[in-house]
Amino acid sequence: MGQINGQDAAALRDWLAFHARTQGADGAVVLVRDPPPRADEIARALAPVAGIATLILVDAPIPLGEADAPSERAILNAPDAPGRRHTTAPPDPWTSPLGAIAMAELLRRRFLDRAEGVASVDVSDLILPDPEGSVFERARATVAGVVALIGERAYPWEMPEGATPRHADHICVAADARTGHSRWCVAPAVAGPAAIWRASQILRTRGRVGHSMAFRRCMALRHDADQALIARKRLAEDPALVALAEAGHLGGGLGGGADKGPRRMPALPRPARKDPPAPARDARTLIVTTMKDEGPFILEWIAHHRAIGVDDFLIYTNDCSDGTDRMLDLLAARGILARRDNPYRETDLKPQHAALRAAETDPRVQAAGWVICMDVDEFINIHAGEGRLSDLHAALGEVDLVSLTWRLFGTGDIAAFEDVPVTRRFTLCAAKDTRNPLQAWGIKTLFRNDGTFPRFGVHRPRGAEALAYRGLRWVNGSGRPVPPSMYRNAWRSTPESVGYDLVTLNHYAVRSAESFLVKRDRGRVNHVDRDQGLPYWFRMNHNVEEDLSIQPRLGMMEAERARLMADPEIAAAHRAAVAHHRARIADLRARPDWADFFSEITGTRMRRLSRLHRHFDRSVYDAGPQSVPDEVALRRNLPRSFRLAVKVEGVVH
């Protein structure tokens, strides 16, 4: 059971033949959405289809679409079309999205109640073969009598000008697809007369619908393709569709020629680097970062990452007043890193984005085989082997990217700054299953620097062309593949992509309460217009669980730090930065408004909230810490299952 909305008789025939051949369909009821006498024209043009004994074309004397909506074929109804939101189209109730929600029930009562099985898919949809049996067999075998059909949008790679698209031309899908489409197959005798049929779902089933099969929606058949339906760089070939097309199961391609197959994506190599690297490049790892007034914390961060196998550092600084530049220049003079002035004033970019843009063409980047963009309050924490990068690579095998999920570390109720390594001092953090606030599962990504990614991003590289998606080996911190839906824009893990087993990123965003005063006063390097005040402290100060997994690396770090501090000039620069930090803390705490802020973040209520993060819905972080009632904030031993949500701007989350 499906509908035609602008497709021709040849498309209908290919659709019928495909499902007769692959699913055992022997009949169809098709609603023709175009105005009469379109159904008669299709019937006259349609050649017989082997296996299809019954075909009923249904039309209506009145339009069945949404009254004020444009045609379903309009580009603004194509979900992936570039610029579709800026297009307009007049209302067309004849071909607009179906508004008569009872139509499936009407077709059922008139034609289909005694069928052994009915699949609801439109003429643009193809149910993929499944080794467990046909969609009809599987529906009859379920308790509910229903199989859910989960659809993914499919596209041609290329169509000749003026050619009419066919099912066989659709051999690509969006590599970063996030949303799908819902249809179903029902066995009426099993589902029973109380079940209600809708176009995309069956209501009142006898049991839970726990079985599913896949289908592909051929978008160039569904929409007028005189404009781009998707950016080509987002496409990747779908092996299932390619195999079906090349076996001839989808009919002819390139306008319906029976002897022609689909146009394949070009088998091109990944983009070549401008400057061919030295043979040893693949073994070198580079960190790109930005800094402002981080003097007291630089040596530990450098020492830790050198100890675990990082070879080089490219650091951009701006507006430093605490000796950060002095410290970095001393380290640069000894060949440990490179410091650059942040060029953000010469651009319209924020400091962090300006630095990453400049880094893309830096010679140090060209010489690195692996790159990660991260901050000085983040520490790579490797759980494989002895905790070195070589151990991580050995555990992961051949991959192109690995996304490290944050573990947010709190103050542990430590208020005073001390010149002690943060990785030793702060051991309380967020629980691994804490997905709120959004930052709890933020990521930074270590990636192979082979030219695939022309742009650096704060959380992951950007700009991979579609041909790179086709073999991209992207894994999470447990070594499991990252879903393609993360490829373009994701900056945080999801329940499907989170992983901590092999590597995490310890994120010490607040350190001590006194150091947080300096951080807030300094301002942010990315969201420069946002105050790092109480809401930020609430989001980032997690003291729920103890995590000591980085402690075995302290010996390596402290040995490397001692080697650096053995240099008198470096040691003096470190002491000067610490003294400046202490003086800045004293100055801020002497101000009444800052003293009040310090008292609030170190008070009993905020300390208690830092241990309750696993209980809070995202809405609580949107509303701020004041939204948590005292009876929750100050209560002891909340049940693990307790969850708090609040009303934000008129919406209950």
# chains A, B, ... in the order shown; residues from 1 in each chain; ligands from 1
$ residues_around --residues "region 437-448 of chain A" --least-positions-apart "2" --cutoff "7 Å" --atoms "only C-alpha atoms" --output "list of chain:residue names"
A:Gly369, A:Trp370, A:Val371, A:Ile372, A:Cys373, A:Met374, A:Asp400, A:Leu401, A:Val402, A:Ser403, A:Leu404, A:Thr405, A:Trp406, A:Arg407, A:Leu408, A:Thr434, A:Arg435, A:Asp450, A:His459, A:Arg460, A:Trp491, A:Arg492, A:Ser493, A:Arg539, A:Arg618, A:Tyr621
$ residues_around --residues "region 478-490 of chain A" --least-positions-apart "2" --cutoff "7 Å" --atoms "only C-alpha atoms" --output "mmCIF file with N, CA and C atoms, in the first residue's frame"
data_model
loop_
_atom_site.group_PDB
_atom_site.id
_atom_site.type_symbol
_atom_site.label_atom_id
_atom_site.label_comp_id
_atom_site.auth_asym_id
_atom_site.auth_seq_id
_atom_site.Cartn_x
_atom_site.Cartn_y
_atom_site.Cartn_z
ATOM 1 N N ALA A 175 26.189 10.446 4.643
ATOM 2 C CA ALA A 175 27.100 9.809 5.594
ATOM 3 C C ALA A 175 26.831 10.257 7.015
ATOM 4 N N ASP A 176 26.237 11.437 7.190
ATOM 5 C CA ASP A 176 26.003 11.986 8.515
ATOM 6 C C ASP A 176 24.527 12.000 8.864
ATOM 7 N N ALA A 177 23.741 11.090 8.281
ATOM 8 C CA ALA A 177 22.294 11.093 8.493
ATOM 9 C C ALA A 177 21.963 10.977 9.973
ATOM 10 N N ARG A 178 21.026 11.797 10.430
ATOM 11 C CA ARG A 178 20.582 11.765 11.824
ATOM 12 C C ARG A 178 19.142 11.289 11.959
ATOM 13 N N LEU A 396 43.956 0.296 19.547
ATOM 14 C CA LEU A 396 42.936 0.713 18.578
ATOM 15 C C LEU A 396 43.143 0.086 17.206
ATOM 16 N N ARG A 462 37.234 19.352 10.744
ATOM 17 C CA ARG A 462 36.082 19.633 9.890
ATOM 18 C C ARG A 462 36.500 19.621 8.425
ATOM 19 N N TRP A 474 36.617 6.005 12.375
ATOM 20 C CA TRP A 474 36.477 6.918 13.497
ATOM 21 C C TRP A 474 35.934 6.127 14.671
ATOM 22 N N VAL A 475 36.649 6.133 15.791
ATOM 23 C CA VAL A 475 36.235 5.349 16.945
ATOM 24 C C VAL A 475 36.125 6.243 18.171
ATOM 25 N N ASN A 476 35.429 5.713 19.180
ATOM 26 C CA ASN A 476 35.307 6.435 20.440
ATOM 27 C C ASN A 476 36.397 5.978 21.399
ATOM 28 N N ARG A 492 29.896 16.508 21.109
ATOM 29 C CA ARG A 492 29.784 15.733 22.339
ATOM 30 C C ARG A 492 29.393 14.302 22.000
ATOM 31 N N SER A 497 27.586 6.723 21.165
ATOM 32 C CA SER A 497 28.996 6.944 20.812
ATOM 33 C C SER A 497 29.920 7.117 22.003
ATOM 34 N N GLY A 499 32.298 6.361 25.127
ATOM 35 C CA GLY A 499 33.161 5.244 25.472
ATOM 36 C C GLY A 499 34.357 5.712 26.272
ATOM 37 N N TYR A 500 34.668 5.002 27.356
ATOM 38 C CA TYR A 500 35.744 5.404 28.261
ATOM 39 C C TYR A 500 36.810 4.323 28.464
ATOM 40 N N ASP A 501 36.673 3.164 27.839
ATOM 41 C CA ASP A 501 37.474 2.006 28.228
ATOM 42 C C ASP A 501 38.967 2.176 27.959
ATOM 43 N N LEU A 502 39.333 2.767 26.829
ATOM 44 C CA LEU A 502 40.742 2.863 26.442
ATOM 45 C C LEU A 502 41.351 4.235 26.709
ATOM 46 N N VAL A 503 40.536 5.285 26.607
ATOM 47 C CA VAL A 503 41.072 6.639 26.803
ATOM 48 C C VAL A 503 39.946 7.589 27.162
#
$ closest_residue --among "A:Glu294, A:Asp617, A:Glu378, A:Asp40" --to "Thr423 (chain A)" --atoms "only C-alpha atoms"
A:Glu378
$ residues_around --residues "region 108-121 of chain A" --least-positions-apart "4" --cutoff "7 Å" --atoms "only C-alpha atoms" --output "number ranges by chain"
A: 1-2, 104, 125, 136, 183-188, 199
$ write_last_selection --atoms "N, CA and C atoms" --output "PDB file, in the first residue's frame"
ATOM      1  N   MET A   1       0.852  -1.178   0.000  1.00  0.00           N
ATOM      2  CA  MET A   1       0.000   0.000   0.000  1.00  0.00           C
ATOM      3  C   MET A   1       0.892   1.234   0.000  1.00  0.00           C
ATOM      4  N   GLY A   2       0.687   2.089  -1.017  1.00  0.00           N
ATOM      5  CA  GLY A   2       1.516   3.287  -1.083  1.00  0.00           C
ATOM      6  C   GLY A   2       0.828   4.376  -1.855  1.00  0.00           C
ATOM      7  N   ALA A 104      -5.387   5.575   5.179  1.00  0.00           N
ATOM      8  CA  ALA A 104      -4.908   4.200   5.329  1.00  0.00           C
ATOM      9  C   ALA A 104      -6.023   3.287   5.817  1.00  0.00           C
ATOM     10  N   ASP A 125       9.868   4.394  -2.159  1.00  0.00           N
ATOM     11  CA  ASP A 125      10.488   3.636  -1.075  1.00  0.00           C
ATOM     12  C   ASP A 125      10.798   2.199  -1.488  1.00  0.00           C
ATOM     13  N   PHE A 136       6.778  -9.680   4.861  1.00  0.00           N
ATOM     14  CA  PHE A 136       5.466 -10.241   5.168  1.00  0.00           C
ATOM     15  C   PHE A 136       5.592 -11.460   6.082  1.00  0.00           C
ATOM     16  N   ARG A 183       7.721   3.651   8.520  1.00  0.00           N
ATOM     17  CA  ARG A 183       6.621   2.974   7.845  1.00  0.00           C
ATOM     18  C   ARG A 183       6.431   1.629   8.541  1.00  0.00           C
ATOM     19  N   TRP A 184       5.638   0.721   7.986  1.00  0.00           N
ATOM     20  CA  TRP A 184       5.356  -0.516   8.687  1.00  0.00           C
ATOM     21  C   TRP A 184       4.902  -1.595   7.720  1.00  0.00           C
ATOM     22  N   CYS A 185       4.909  -2.829   8.212  1.00  0.00           N
ATOM     23  CA  CYS A 185       4.252  -3.947   7.544  1.00  0.00           C
ATOM     24  C   CYS A 185       3.414  -4.655   8.594  1.00  0.00           C
ATOM     25  N   VAL A 186       2.170  -4.968   8.267  1.00  0.00           N
ATOM     26  CA  VAL A 186       1.252  -5.588   9.213  1.00  0.00           C
ATOM     27  C   VAL A 186       0.698  -6.879   8.634  1.00  0.00           C
ATOM     28  N   ALA A 187       0.502  -7.858   9.507  1.00  0.00           N
ATOM     29  CA  ALA A 187      -0.269  -9.055   9.182  1.00  0.00           C
ATOM     30  C   ALA A 187      -1.648  -8.855   9.806  1.00  0.00           C
ATOM     31  N   PRO A 188      -2.666  -8.456   9.046  1.00  0.00           N
ATOM     32  CA  PRO A 188      -3.961  -8.072   9.627  1.00  0.00           C
ATOM     33  C   PRO A 188      -4.559  -9.126  10.544  1.00  0.00           C
ATOM     34  N   ALA A 199      -0.537   6.185   8.121  1.00  0.00           N
ATOM     35  CA  ALA A 199       0.476   6.082   7.069  1.00  0.00           C
ATOM     36  C   ALA A 199       1.829   5.658   7.618  1.00  0.00           C
TER      37      ALA A 199
END
$ select_by_dssp --residues "region 137-334 of chain A" --states "helix (DSSP H, G or I)" --output "ChimeraX atom specification"
/A:137-140,167-169,188-191,219-222,232-234,239-246,279-283,295-308,324-333
$ residues_around --residues "Asp322 (chain A)" --least-positions-apart "5" --cutoff "9 Å" --atoms "only C-alpha atoms" --output "list in words"
Lys292, Asp293, Glu294, Gly295, Pro296, Ala576, Ala577, Val578, Ala579, His580 and His581 of chain A
$ residues_around --residues "His613 (chain A)" --least-positions-apart "6" --cutoff "8 Å" --atoms "only C-alpha atoms" --output "ChimeraX atom specification"
/A:430,434,436,542,544
$ residues_around --residues "Asn637 (chain A)" --least-positions-apart "5" --cutoff "12 Å" --atoms "only C-alpha atoms" --output "ChimeraX atom specification"
/A:608,611-612,615,631-632,642
$ select_by_dssp --residues "region 62-160 of chain A" --states "strand (DSSP E)" --output "list of chain:residue names"
A:Val118, A:Ala119, A:Ser120, A:Asp125, A:Leu126, A:Ile127, A:Val146, A:Val147, A:Ala148, A:Leu149, A:Ile150, A:Gly151, A:Glu152, A:Arg153, A:Ala154, A:Tyr155, A:Pro156
$ closest_residue --among "A:His305, A:His574, A:Arg511, A:Arg44" --to "Ile550 (chain A)" --atoms "only C-alpha atoms"
A:His305
